[in-house]
Each structure stands twice: as C-alpha cells, then as structure tokens.
>>> print(open('model21.cif').read())   # mmCIF, C-alpha atoms
data_entry
#
loop_
_atom_site.group_PDB
_atom_site.id
_atom_site.type_symbol
_atom_site.label_atom_id
_atom_site.label_comp_id
_atom_site.auth_asym_id
_atom_site.auth_seq_id
_atom_site.Cartn_x
_atom_site.Cartn_y
_atom_site.Cartn_z
ATOM 1 C CA MET A 1 147.000 63.614 31.782
ATOM 2 C CA TYR A 2 150.030 63.251 33.997
ATOM 3 C CA ALA A 3 151.443 66.566 32.829
ATOM 4 C CA CYS A 4 148.149 68.323 33.436
ATOM 5 C CA LEU A 5 148.063 67.140 37.039
ATOM 6 C CA SER A 6 151.658 68.001 37.629
ATOM 7 C CA ILE A 7 151.520 71.440 36.076
ATOM 8 C CA LEU A 8 153.129 74.083 38.206
ATOM 9 C CA ILE A 9 152.321 77.621 37.196
ATOM 10 C CA LEU A 10 155.554 79.414 37.961
ATOM 11 C CA PHE A 11 154.753 83.080 38.050
ATOM 12 C CA PHE A 12 157.827 85.215 38.316
ATOM 13 C CA SER A 13 156.210 87.233 41.076
ATOM 14 C CA SER A 14 155.975 84.091 43.191
ATOM 15 C CA PHE A 15 159.670 83.560 42.799
ATOM 16 C CA SER A 16 160.600 86.960 44.119
ATOM 17 C CA PHE A 17 158.862 85.982 47.357
ATOM 18 C CA GLY A 18 160.953 82.873 47.681
ATOM 19 C CA PHE A 19 158.648 80.242 46.140
ATOM 20 C CA GLY A 20 161.286 77.575 45.661
ATOM 21 C CA TYR A 21 163.559 79.801 43.609
ATOM 22 C CA ASP A 22 166.630 79.116 45.720
ATOM 23 C CA SER A 23 166.178 75.376 45.452
ATOM 24 C CA LEU A 24 166.262 75.447 41.644
ATOM 25 C CA PRO A 25 169.423 74.482 39.751
ATOM 26 C CA LYS A 26 171.507 77.598 39.058
ATOM 27 C CA GLU A 27 170.915 77.202 35.309
ATOM 28 C CA GLN A 28 167.154 77.481 35.859
ATOM 29 C CA GLN A 29 167.611 80.444 38.205
ATOM 30 C CA MET A 30 169.596 82.258 35.544
ATOM 31 C CA ALA A 31 167.025 81.331 32.888
ATOM 32 C CA LEU A 32 164.269 82.917 34.994
ATOM 33 C CA GLN A 33 166.296 86.073 35.605
ATOM 34 C CA TYR A 34 166.912 86.334 31.896
ATOM 35 C CA MET A 35 163.305 85.640 30.861
ATOM 36 C CA ARG A 36 162.191 88.292 33.314
ATOM 37 C CA ALA A 37 164.516 90.814 31.645
ATOM 38 C CA VAL A 38 163.060 89.796 28.260
ATOM 39 C CA THR A 39 159.426 90.213 29.293
ATOM 40 C CA ASP A 40 160.182 93.403 31.278
ATOM 41 C CA ASN A 41 161.825 94.845 28.128
ATOM 42 C CA ASP A 42 164.787 95.605 30.400
ATOM 43 C CA TYR A 43 167.348 96.202 27.674
ATOM 44 C CA ARG A 44 170.070 97.340 30.078
ATOM 45 C CA LYS A 45 169.885 94.013 31.906
ATOM 46 C CA LEU A 46 169.605 92.102 28.631
ATOM 47 C CA LEU A 47 172.815 93.690 27.373
ATOM 48 C CA ASN A 48 174.606 91.909 30.244
ATOM 49 C CA PHE A 49 173.189 88.557 29.173
ATOM 50 C CA TYR A 50 174.430 88.669 25.577
ATOM 51 C CA ASN A 51 177.824 88.862 23.943
ATOM 52 C CA ARG A 52 178.797 88.942 20.272
ATOM 53 C CA ASP A 53 178.377 85.180 19.936
ATOM 54 C CA SER A 54 174.924 84.947 21.501
ATOM 55 C CA THR A 55 172.228 83.777 19.130
ATOM 56 C CA PHE A 56 168.481 84.276 19.244
ATOM 57 C CA GLU A 57 166.453 82.023 16.998
ATOM 58 C CA ASP A 58 162.743 81.957 16.412
ATOM 59 C CA ARG A 59 162.619 78.573 14.717
ATOM 60 C CA THR A 60 158.907 78.561 13.968
ATOM 61 C CA ALA A 61 159.208 81.981 12.324
ATOM 62 C CA GLY A 62 162.441 80.989 10.590
ATOM 63 C CA LYS A 63 164.361 83.988 11.947
ATOM 64 C CA SER A 64 167.754 84.151 13.600
ATOM 65 C CA TYR A 65 169.880 86.938 15.093
ATOM 66 C CA THR A 66 173.497 86.868 16.269
ATOM 67 C CA GLY A 67 175.219 89.226 18.694
ATOM 68 C CA ALA A 68 173.883 91.543 21.392
ATOM 69 C CA ARG A 69 173.204 94.452 19.049
ATOM 70 C CA ASP A 70 171.120 92.581 16.487
ATOM 71 C CA ILE A 71 169.184 90.676 19.139
ATOM 72 C CA LEU A 72 168.317 93.850 21.061
ATOM 73 C CA THR A 73 167.284 95.657 17.876
ATOM 74 C CA PHE A 74 164.949 92.778 17.099
ATOM 75 C CA LEU A 75 163.463 92.637 20.621
ATOM 76 C CA LYS A 76 162.942 96.416 20.749
ATOM 77 C CA ARG A 77 161.140 96.376 17.420
ATOM 78 C CA ALA A 78 158.998 93.382 18.346
ATOM 79 C CA HIS A 79 157.878 94.656 21.750
ATOM 80 C CA ALA A 80 158.072 98.427 21.470
ATOM 81 C CA HIS A 81 154.350 99.100 21.840
ATOM 82 C CA VAL A 82 153.186 96.073 23.787
ATOM 83 C CA HIS A 83 151.268 96.964 26.983
ATOM 84 C CA GLU A 84 151.571 93.652 28.778
ATOM 85 C CA TYR A 85 154.025 90.863 28.142
ATOM 86 C CA GLU A 86 154.444 87.747 30.253
ATOM 87 C CA PHE A 87 155.874 84.290 29.904
ATOM 88 C CA ASN A 88 153.758 81.880 31.939
ATOM 89 C CA ILE A 89 155.958 78.868 32.514
ATOM 90 C CA GLU A 90 154.133 75.615 33.111
ATOM 91 C CA GLN A 91 157.118 73.277 33.067
ATOM 92 C CA MET A 92 160.823 73.923 33.354
ATOM 93 C CA TYR A 93 163.742 71.521 33.442
ATOM 94 C CA ASN A 94 167.375 71.426 32.494
ATOM 95 C CA SER A 95 170.209 69.116 31.693
ATOM 96 C CA GLY A 96 173.391 70.974 32.497
ATOM 97 C CA SER A 97 173.511 74.190 30.517
ATOM 98 C CA LEU A 98 170.426 73.355 28.438
ATOM 99 C CA VAL A 99 167.240 74.765 29.971
ATOM 100 C CA ILE A 100 163.781 73.917 28.602
ATOM 101 C CA MET A 101 160.724 76.009 29.414
ATOM 102 C CA ILE A 102 157.197 75.114 28.293
ATOM 103 C CA GLY A 103 154.350 77.571 28.640
ATOM 104 C CA ASN A 104 152.710 80.461 26.870
ATOM 105 C CA TYR A 105 153.613 83.998 25.950
ATOM 106 C CA TYR A 106 150.873 86.399 26.927
ATOM 107 C CA LEU A 107 150.761 89.655 24.975
ATOM 108 C CA LYS A 108 148.348 92.541 25.133
ATOM 109 C CA GLY A 109 148.761 95.606 22.971
ATOM 110 C CA PRO A 110 147.880 97.510 19.833
ATOM 111 C CA GLY A 111 146.781 95.202 17.040
ATOM 112 C CA LYS A 112 148.734 97.052 14.374
ATOM 113 C CA GLN A 113 151.636 94.576 14.384
ATOM 114 C CA PHE A 114 149.140 91.730 14.215
ATOM 115 C CA GLY A 115 147.130 92.979 11.254
ATOM 116 C CA LYS A 116 144.398 94.472 13.471
ATOM 117 C CA PRO A 117 145.020 98.244 13.365
ATOM 118 C CA GLY A 118 142.991 100.330 15.810
ATOM 119 C CA LYS A 119 142.231 97.375 18.100
ATOM 120 C CA ILE A 120 143.740 96.227 21.363
ATOM 121 C CA ILE A 121 144.510 92.544 21.009
ATOM 122 C CA GLU A 122 145.307 89.850 23.513
ATOM 123 C CA VAL A 123 146.985 86.508 22.790
ATOM 124 C CA ALA A 124 148.519 83.639 24.743
ATOM 125 C CA ILE A 125 150.886 81.912 22.365
ATOM 126 C CA PRO A 126 151.760 78.350 23.411
ATOM 127 C CA GLY A 127 155.435 77.695 23.069
ATOM 128 C CA VAL A 128 158.677 76.135 24.118
ATOM 129 C CA THR A 129 161.777 78.204 24.783
ATOM 130 C CA THR A 130 165.145 76.522 25.131
ATOM 131 C CA LEU A 131 168.243 78.301 26.389
ATOM 132 C CA ILE A 132 171.875 77.347 26.480
ATOM 133 C CA VAL A 133 173.210 79.266 29.450
ATOM 134 C CA ASP A 134 176.759 79.950 30.569
ATOM 135 C CA VAL A 135 176.288 80.378 34.305
ATOM 136 C CA ASN A 136 179.936 81.177 35.055
ATOM 137 C CA ASN A 137 180.014 84.074 32.627
ATOM 138 C CA HIS A 138 176.357 85.037 33.114
ATOM 139 C CA ARG A 139 175.679 84.724 29.388
ATOM 140 C CA ILE A 140 172.934 83.365 27.175
ATOM 141 C CA LYS A 141 174.722 81.450 24.439
ATOM 142 C CA LYS A 142 171.602 80.471 22.571
ATOM 143 C CA HIS A 143 167.922 81.352 22.888
ATOM 144 C CA THR A 144 165.523 79.291 20.762
ATOM 145 C CA ASP A 145 161.775 79.854 20.511
ATOM 146 C CA LEU A 146 159.347 77.265 19.157
ATOM 147 C CA LEU A 147 156.036 79.092 19.140
ATOM 148 C CA ASP A 148 152.602 78.012 17.995
ATOM 149 C CA TYR A 149 151.776 80.839 15.596
ATOM 150 C CA ALA A 150 148.799 78.905 14.212
ATOM 151 C CA ALA A 151 147.196 79.080 17.682
ATOM 152 C CA MET A 152 148.006 82.795 17.804
ATOM 153 C CA LYS A 153 146.320 83.371 14.446
ATOM 154 C CA GLU A 154 143.271 81.439 15.589
ATOM 155 C CA GLN A 155 143.027 83.586 18.718
ATOM 156 C CA LEU A 156 143.406 86.752 16.662
ATOM 157 C CA SER A 157 140.740 85.657 14.212
ATOM 158 C CA MET A 158 138.195 85.670 17.040
ATOM 159 C CA GLN A 159 139.000 89.263 18.095
ATOM 160 C CA TYR A 160 137.064 91.987 16.342
ATOM 161 C CA MET B 1 146.521 78.329 32.907
ATOM 162 C CA TYR B 2 145.556 78.879 29.298
ATOM 163 C CA ALA B 3 147.534 75.857 28.160
ATOM 164 C CA CYS B 4 145.935 73.680 30.814
ATOM 165 C CA LEU B 5 142.458 74.605 29.602
ATOM 166 C CA SER B 6 143.362 74.137 25.987
ATOM 167 C CA ILE B 7 145.121 70.830 26.464
ATOM 168 C CA LEU B 8 143.983 68.233 23.993
ATOM 169 C CA ILE B 9 144.981 64.727 24.905
ATOM 170 C CA LEU B 10 145.677 63.249 21.506
ATOM 171 C CA PHE B 11 145.734 59.509 21.968
ATOM 172 C CA PHE B 12 146.833 57.735 18.859
ATOM 173 C CA SER B 13 143.901 55.359 19.148
ATOM 174 C CA SER B 14 141.544 58.316 18.853
ATOM 175 C CA PHE B 15 143.207 59.294 15.633
ATOM 176 C CA SER B 16 142.721 55.923 14.028
ATOM 177 C CA PHE B 17 138.989 56.437 14.488
ATOM 178 C CA GLY B 18 139.095 59.740 12.677
ATOM 179 C CA PHE B 19 139.368 62.175 15.595
ATOM 180 C CA GLY B 20 140.433 65.169 13.533
ATOM 181 C CA TYR B 21 143.384 63.354 12.020
ATOM 182 C CA ASP B 22 142.431 64.203 8.450
ATOM 183 C CA SER B 23 142.111 67.890 9.229
ATOM 184 C CA LEU B 24 145.678 68.105 10.546
ATOM 185 C CA PRO B 25 148.459 69.538 8.383
ATOM 186 C CA LYS B 26 150.189 66.742 6.476
ATOM 187 C CA GLU B 27 153.412 67.344 8.434
ATOM 188 C CA GLN B 28 151.574 66.608 11.697
ATOM 189 C CA GLN B 29 149.895 63.534 10.181
ATOM 190 C CA MET B 30 153.279 62.162 9.190
ATOM 191 C CA ALA B 31 154.713 63.014 12.626
ATOM 192 C CA LEU B 32 151.934 60.967 14.272
ATOM 193 C CA GLN B 33 152.451 58.003 11.937
ATOM 194 C CA TYR B 34 156.147 58.103 12.712
ATOM 195 C CA MET B 35 155.728 58.458 16.493
ATOM 196 C CA ARG B 36 153.357 55.526 16.431
ATOM 197 C CA ALA B 37 156.009 53.410 14.703
ATOM 198 C CA VAL B 38 158.510 54.518 17.372
ATOM 199 C CA THR B 39 156.292 53.618 20.323
ATOM 200 C CA ASP B 40 155.091 50.396 18.662
ATOM 201 C CA ASN B 41 158.746 49.376 18.176
ATOM 202 C CA ASP B 42 157.798 48.797 14.541
ATOM 203 C CA TYR B 43 161.314 48.695 13.134
ATOM 204 C CA ARG B 44 160.198 47.702 9.644
ATOM 205 C CA LYS B 45 158.060 50.828 9.402
ATOM 206 C CA LEU B 46 160.773 52.929 10.990
ATOM 207 C CA LEU B 47 163.272 51.825 8.366
ATOM 208 C CA ASN B 48 161.060 53.544 5.787
ATOM 209 C CA PHE B 49 161.172 56.805 7.739
ATOM 210 C CA TYR B 50 164.968 57.114 7.890
ATOM 211 C CA ASN B 51 167.724 57.423 5.343
ATOM 212 C CA ARG B 52 171.466 57.721 5.792
ATOM 213 C CA ASP B 53 171.221 61.432 6.587
ATOM 214 C CA SER B 54 168.495 61.162 9.232
ATOM 215 C CA THR B 55 169.601 62.220 12.701
ATOM 216 C CA PHE B 56 168.200 61.289 16.091
ATOM 217 C CA GLU B 57 169.303 63.473 18.959
ATOM 218 C CA ASP B 58 168.495 63.161 22.632
ATOM 219 C CA ARG B 59 169.657 66.621 23.607
ATOM 220 C CA THR B 60 169.036 66.293 27.334
ATOM 221 C CA ALA B 61 171.042 63.060 27.402
ATOM 222 C CA GLY B 62 173.707 64.545 25.132
ATOM 223 C CA LYS B 63 173.458 61.682 22.623
ATOM 224 C CA SER B 64 173.159 61.754 18.855
ATOM 225 C CA TYR B 65 172.844 59.127 16.113
ATOM 226 C CA THR B 66 173.052 59.499 12.331
ATOM 227 C CA GLY B 67 171.682 57.178 9.658
ATOM 228 C CA ALA B 68 168.964 54.523 9.735
ATOM 229 C CA ARG B 69 171.211 51.741 11.012
ATOM 230 C CA ASP B 70 172.629 53.567 14.014
ATOM 231 C CA ILE B 71 169.265 55.033 14.988
ATOM 232 C CA LEU B 72 167.528 51.644 14.845
ATOM 233 C CA THR B 73 170.313 49.968 16.838
ATOM 234 C CA PHE B 74 169.874 52.617 19.510
ATOM 235 C CA LEU B 75 166.060 52.327 19.588
ATOM 236 C CA LYS B 76 166.158 48.529 19.751
ATOM 237 C CA ARG B 77 168.600 48.609 22.653
ATOM 238 C CA ALA B 78 166.639 51.283 24.514
ATOM 239 C CA HIS B 79 163.221 49.646 24.209
ATOM 240 C CA ALA B 80 163.960 45.942 23.854
ATOM 241 C CA HIS B 81 162.387 44.836 27.123
ATOM 242 C CA VAL B 82 159.817 47.552 27.696
ATOM 243 C CA HIS B 83 156.272 46.200 28.221
ATOM 244 C CA GLU B 84 154.349 49.382 27.537
ATOM 245 C CA TYR B 85 155.510 52.463 25.697
ATOM 246 C CA GLU B 86 153.348 55.443 24.782
ATOM 247 C CA PHE B 87 153.794 59.056 23.842
ATOM 248 C CA ASN B 88 150.892 61.044 25.224
ATOM 249 C CA ILE B 89 150.823 64.229 23.200
ATOM 250 C CA GLU B 90 149.252 67.204 24.923
ATOM 251 C CA GLN B 91 150.093 69.862 22.344
ATOM 252 C CA MET B 92 151.236 69.612 18.770
ATOM 253 C CA TYR B 93 151.942 72.313 16.214
ATOM 254 C CA ASN B 94 154.123 72.891 13.207
ATOM 255 C CA SER B 95 155.622 75.543 11.048
ATOM 256 C CA GLY B 96 156.227 74.004 7.655
ATOM 257 C CA SER B 97 158.453 70.972 8.039
ATOM 258 C CA LEU B 98 159.185 71.623 11.719
ATOM 259 C CA VAL B 99 156.758 69.750 13.999
ATOM 260 C CA ILE B 100 156.696 70.322 17.777
ATOM 261 C CA MET B 101 155.068 67.844 20.151
ATOM 262 C CA ILE B 102 154.742 68.415 23.891
ATOM 263 C CA GLY B 103 153.676 65.628 26.219
ATOM 264 C CA ASN B 104 155.052 62.731 28.172
ATOM 265 C CA TYR B 105 156.626 59.389 27.402
ATOM 266 C CA TYR B 106 155.002 56.633 29.413
ATOM 267 C CA LEU B 107 157.129 53.553 29.996
ATOM 268 C CA LYS B 108 156.428 50.416 31.963
ATOM 269 C CA GLY B 109 158.923 47.595 32.136
ATOM 270 C CA PRO B 110 161.746 45.865 33.969
ATOM 271 C CA GLY B 111 163.670 48.252 36.198
ATOM 272 C CA LYS B 112 167.064 46.859 35.239
ATOM 273 C CA GLN B 113 167.795 49.620 32.721
ATOM 274 C CA PHE B 114 166.740 52.188 35.303
ATOM 275 C CA GLY B 115 168.885 50.976 38.164
ATOM 276 C CA LYS B 116 166.043 49.002 39.768
ATOM 277 C CA PRO B 117 166.791 45.344 38.971
ATOM 278 C CA GLY B 118 164.037 42.884 39.790
ATOM 279 C CA LYS B 119 161.298 45.525 39.856
ATOM 280 C CA ILE B 120 158.688 46.570 37.339
ATOM 281 C CA ILE B 121 158.892 50.323 37.028
ATOM 282 C CA GLU B 122 156.547 52.881 35.559
ATOM 283 C CA VAL B 123 157.444 56.422 34.525
ATOM 284 C CA ALA B 124 155.861 59.273 32.597
ATOM 285 C CA ILE B 125 158.732 61.430 31.413
ATOM 286 C CA PRO B 126 157.671 64.962 30.486
ATOM 287 C CA GLY B 127 159.239 66.060 27.255
ATOM 288 C CA VAL B 128 159.270 67.899 23.982
ATOM 289 C CA THR B 129 159.990 66.144 20.707
ATOM 290 C CA THR B 130 160.692 68.149 17.589
ATOM 291 C CA LEU B 131 160.837 66.638 14.122
ATOM 292 C CA ILE B 132 161.965 67.973 10.795
ATOM 293 C CA VAL B 133 159.905 66.013 8.297
ATOM 294 C CA ASP B 134 160.200 65.624 4.557
ATOM 295 C CA VAL B 135 156.623 64.867 3.579
ATOM 296 C CA ASN B 136 157.344 64.431 -0.125
ATOM 297 C CA ASN B 137 159.950 61.746 0.466
ATOM 298 C CA HIS B 138 158.284 60.337 3.594
ATOM 299 C CA ARG B 139 161.460 60.863 5.612
ATOM 300 C CA ILE B 140 162.354 62.081 9.087
ATOM 301 C CA LYS B 141 165.313 64.391 8.595
ATOM 302 C CA LYS B 142 165.819 65.158 12.256
ATOM 303 C CA HIS B 143 164.290 63.847 15.473
ATOM 304 C CA THR B 144 165.172 65.778 18.642
ATOM 305 C CA ASP B 145 164.120 64.826 22.162
ATOM 306 C CA LEU B 146 164.221 67.226 25.098
ATOM 307 C CA LEU B 147 163.241 65.048 28.046
ATOM 308 C CA ASP B 148 162.949 65.828 31.738
ATOM 309 C CA TYR B 149 165.195 63.117 33.174
ATOM 310 C CA ALA B 150 165.179 64.826 36.576
ATOM 311 C CA ALA B 151 161.415 64.202 36.780
ATOM 312 C CA MET B 152 162.003 60.592 35.716
ATOM 313 C CA LYS B 153 164.578 60.101 38.472
ATOM 314 C CA GLU B 154 162.222 61.584 41.001
ATOM 315 C CA GLN B 155 159.443 59.198 39.911
ATOM 316 C CA LEU B 156 161.834 56.248 40.093
ATOM 317 C CA SER B 157 163.027 57.239 43.550
ATOM 318 C CA MET B 158 159.485 56.742 44.860
ATOM 319 C CA GLN B 159 159.205 53.186 43.449
ATOM 320 C CA TYR B 160 160.450 50.425 45.748
#
>>> encode(input="model21.cif", output="structure tokens")
Amino acid sequence: MYACLSILILFFSSFSFGFGYDSLPKEQQMALQYMRAVTDNDYRKLLNFYNRDSTFEDRTAGKSYTGARDILTFLKRAHAHVHEYEFNIEQMYNSGSLVIMIGNYYLKGPGKQFGKPGKIIEVAIPGVTTLIVDVNNHRIKKHTDLLDYAAMKEQLSMQY
Amino acid sequence: MYACLSILILFFSSFSFGFGYDSLPKEQQMALQYMRAVTDNDYRKLLNFYNRDSTFEDRTAGKSYTGARDILTFLKRAHAHVHEYEFNIEQMYNSGSLVIMIGNYYLKGPGKQFGKPGKIIEVAIPGVTTLIVDVNNHRIKKHTDLLDYAAMKEQLSMQY
C-alpha cells in the first residue's frame, strides 16, 4: 500500500530535463546513465562502462557473462531486433556502491525470439536490477537482473 | 505504471484463508511460511528453516551471518522490542529455488534502536528480499535483504 502511494515513475526523459537528477546520489546518477545506454543499445557507451572484470548476471535465467566482450555479445544478440526497449523504474535506492532499481522492462518487437514468429509482441517484465558501480572509474562491476519470466510468459500467452 | 496496476497486496492473513496460496509454486509457499516465522518472531519455527550453512545477508547494511545460531541471535537482537512487524509483499516470483519478494517492512516500536529514545516510531521500509530455498529439505539456504534505509531515515526524520 505504502509503496503504491509512494511510487515515483522515473522516466529517463524526465531526468534529461532536470527532474531531480542532480540531487540524486552520484551512484544513482551513474546507474541511470548506464541503464540508458543499455536500453538505447548504445554499445559504444556501454564499452566505457565495462572492463574485463565486469560481470552481467541474469539470475532468474541462470546465465552469467564476464568481461566487456562477452557481455556486449550477449546484449547485442538479445536486443538486436527489438523495436522499443525501456526500463521503467518505479523505485531506486542505493547503499554506497550498491544500487537497487525496481520496475519493469518494456519490450516491443518481433515475436520470433519469444516463440511467436510472424507476430509483433509487447511485454512489460517486472524485475529488479542491482548494480555495483565504481563511480571513480566509471565502471559497472556487477549487473544483476532478477526478472519475472513467469509474468512475461503469461503476457505472451495472451497475445495471438 | 504497469506494476502499479498489477500490484497484488499479498497479506499473509489472506493466504491462511486460501487466497491462492495453494496455487503458488511450492518455493513461494515455503518462502511465505518462512517470512511469516520471521515477522512473527517465531524462533522455534525459524530454527527448523536454518542449518549450519544457511546465510542471512543484509546487503544494504553490509552485514552477513552464517549458521542457525548466529542468524537467530541477530534476529532476536534486531526485533526484541518491536511491537508490530509485517512484511507487506507487493510482488513475488521465483525461478526454481530462487524466490524474489518486493514490498515493504512495516515496523512499529520503541524508537531507541532508531535514535529516537522515548518515542514510538513507525516505518515502512521499501525493500527486496531474495531467498534461495531448498524445498525438499525445508531449508533456507540464503536470505538476502536489499532495504531502502535512506527512505527509512527520511520517515524517521519526520517523527518527533
């Protein structure tokens, strides 16, 4: 109840017009810059966020990648044909270098990757993303996704 | 937006009257039983959920405990004088043994532990709790809290 009342939909576009961005802790600012690069598929920018020790883990899918090259290969493959891709953050907080973001990943694109060839599908996957950021070196040390793939499947099952 | 519409306030009391509890995956059922023991301060039940390898980690506080004895000592100390203690779960999902719960921890009790001696304080700390459960052996292998202590401090600052 409390959380529902206090929900703050933090669209990235709002931030670029100064909606509180500057007042956020620097770890959260960097997290937003990074998440924007992820959802923009801006691989040149992403390359500057990773080094060889960075890890990307999708815990609910049981997959893990280490190092800039492997992570980028994974992201390119996963999002190559997606038309729209957004992370709608409903809650964000941090404790030092650990940043927690709660929201949903909105995806619109060809259904082929989702077992619906020939269709355009649309999903909003609830999830939590945690980051361990290194603000001084402008690096993502660890990116962890905890996504609700059961909700995604349910949404897909209703799309013909 | 989507998440706000789809929010399901899962009060434990609702579950005990059969509100979908039986249709949940067994990992989520066990997670709810366990969380109820935590918020009921039912240490006898909790003892049956932990073994010597169980870990309890409060990542945002940077604290970690291993083994039933250390975890219970910590929980007893943390919640000894609390009058009311609830975990209001807004979203719950799992992938196999990994269970993710998003909600808020409601606490009401003496302010002493929170730097407000002589007052009764009330907070609803937004947070994510993840569990790795071992359903076959009825054990919690890993309990991880990611709590928004900045929001808690802000709530406390408004209570005189």
>>> interface_residues(input="model21.cif", of="chain A", to="chain B", cutoff="9 Å", atoms="only C-alpha atoms", output="ChimeraX atom specification")
/A:1-4,7,9,59-62,88,90-96,98,100,102-104,124,126,128,146-151
>>> residues_around(input="model21.cif", residues="region 26-39 of chain B", least_positions_apart="6", cutoff="7 Å", atoms="all atoms listed in the file", output="list of chain:residue names")
B:Lys45, B:Leu46, B:Tyr85, B:Glu86, B:Phe87, B:Asn94, B:Ser97, B:Val99, B:Val133, B:Val135
>>> residues_around(input="model21.cif", residues="Ile71 (chain A)", least_positions_apart="3", cutoff="9 Å", atoms="all atoms listed in the file", output="list in words")
Tyr50, Ser54, Thr55, Phe56, Ser64, Tyr65, Thr66, Gly67, Ala68, Phe74, Leu75 and Lys76 of chain A
>>> atom_distance(input="model21.cif", atom1="CA of Thr73 (chain B)", atom2="CA of Asn41 (chain B)")
11.7 Å
>>> residues_around(input="model21.cif", residues="region 158-160 of chain A", least_positions_apart="3", cutoff="12 Å", atoms="all atoms listed in the file", output="NGL selection string")
:A and (111 or 114-123 or 151-155)
>>> closest_residue(input="model21.cif", among="B:Asp70, B:Leu24, B:His79, B:Glu57", to="Lys142 (chain B)", atoms="all atoms listed in the file")
B:Glu57
>>> atom_distance(input="model21.cif", atom1="CA of His138 (chain B)", atom2="CA of Phe49 (chain B)")
6.2 Å
>>> axis_aligned_box(input="model21.cif", around="region 28-41 of chain A", padding_each_side="4 Å", output="lines of an AutoDock Vina configuration file")
center_x = 164.5
center_y = 86.2
center_z = 33.2
size_x = 18.2
size_y = 25.4
size_z = 18.1
>>> atom_distance(input="model21.cif", atom1="CA of Asp145 (chain B)", atom2="CA of Gly20 (chain B)")
25.2 Å
>>> closest_residue(input="model21.cif", among="A:Lys63, A:Asn51, A:Leu107, A:Pro25", to="Val82 (chain A)", atoms="only C-alpha atoms")
A:Leu107
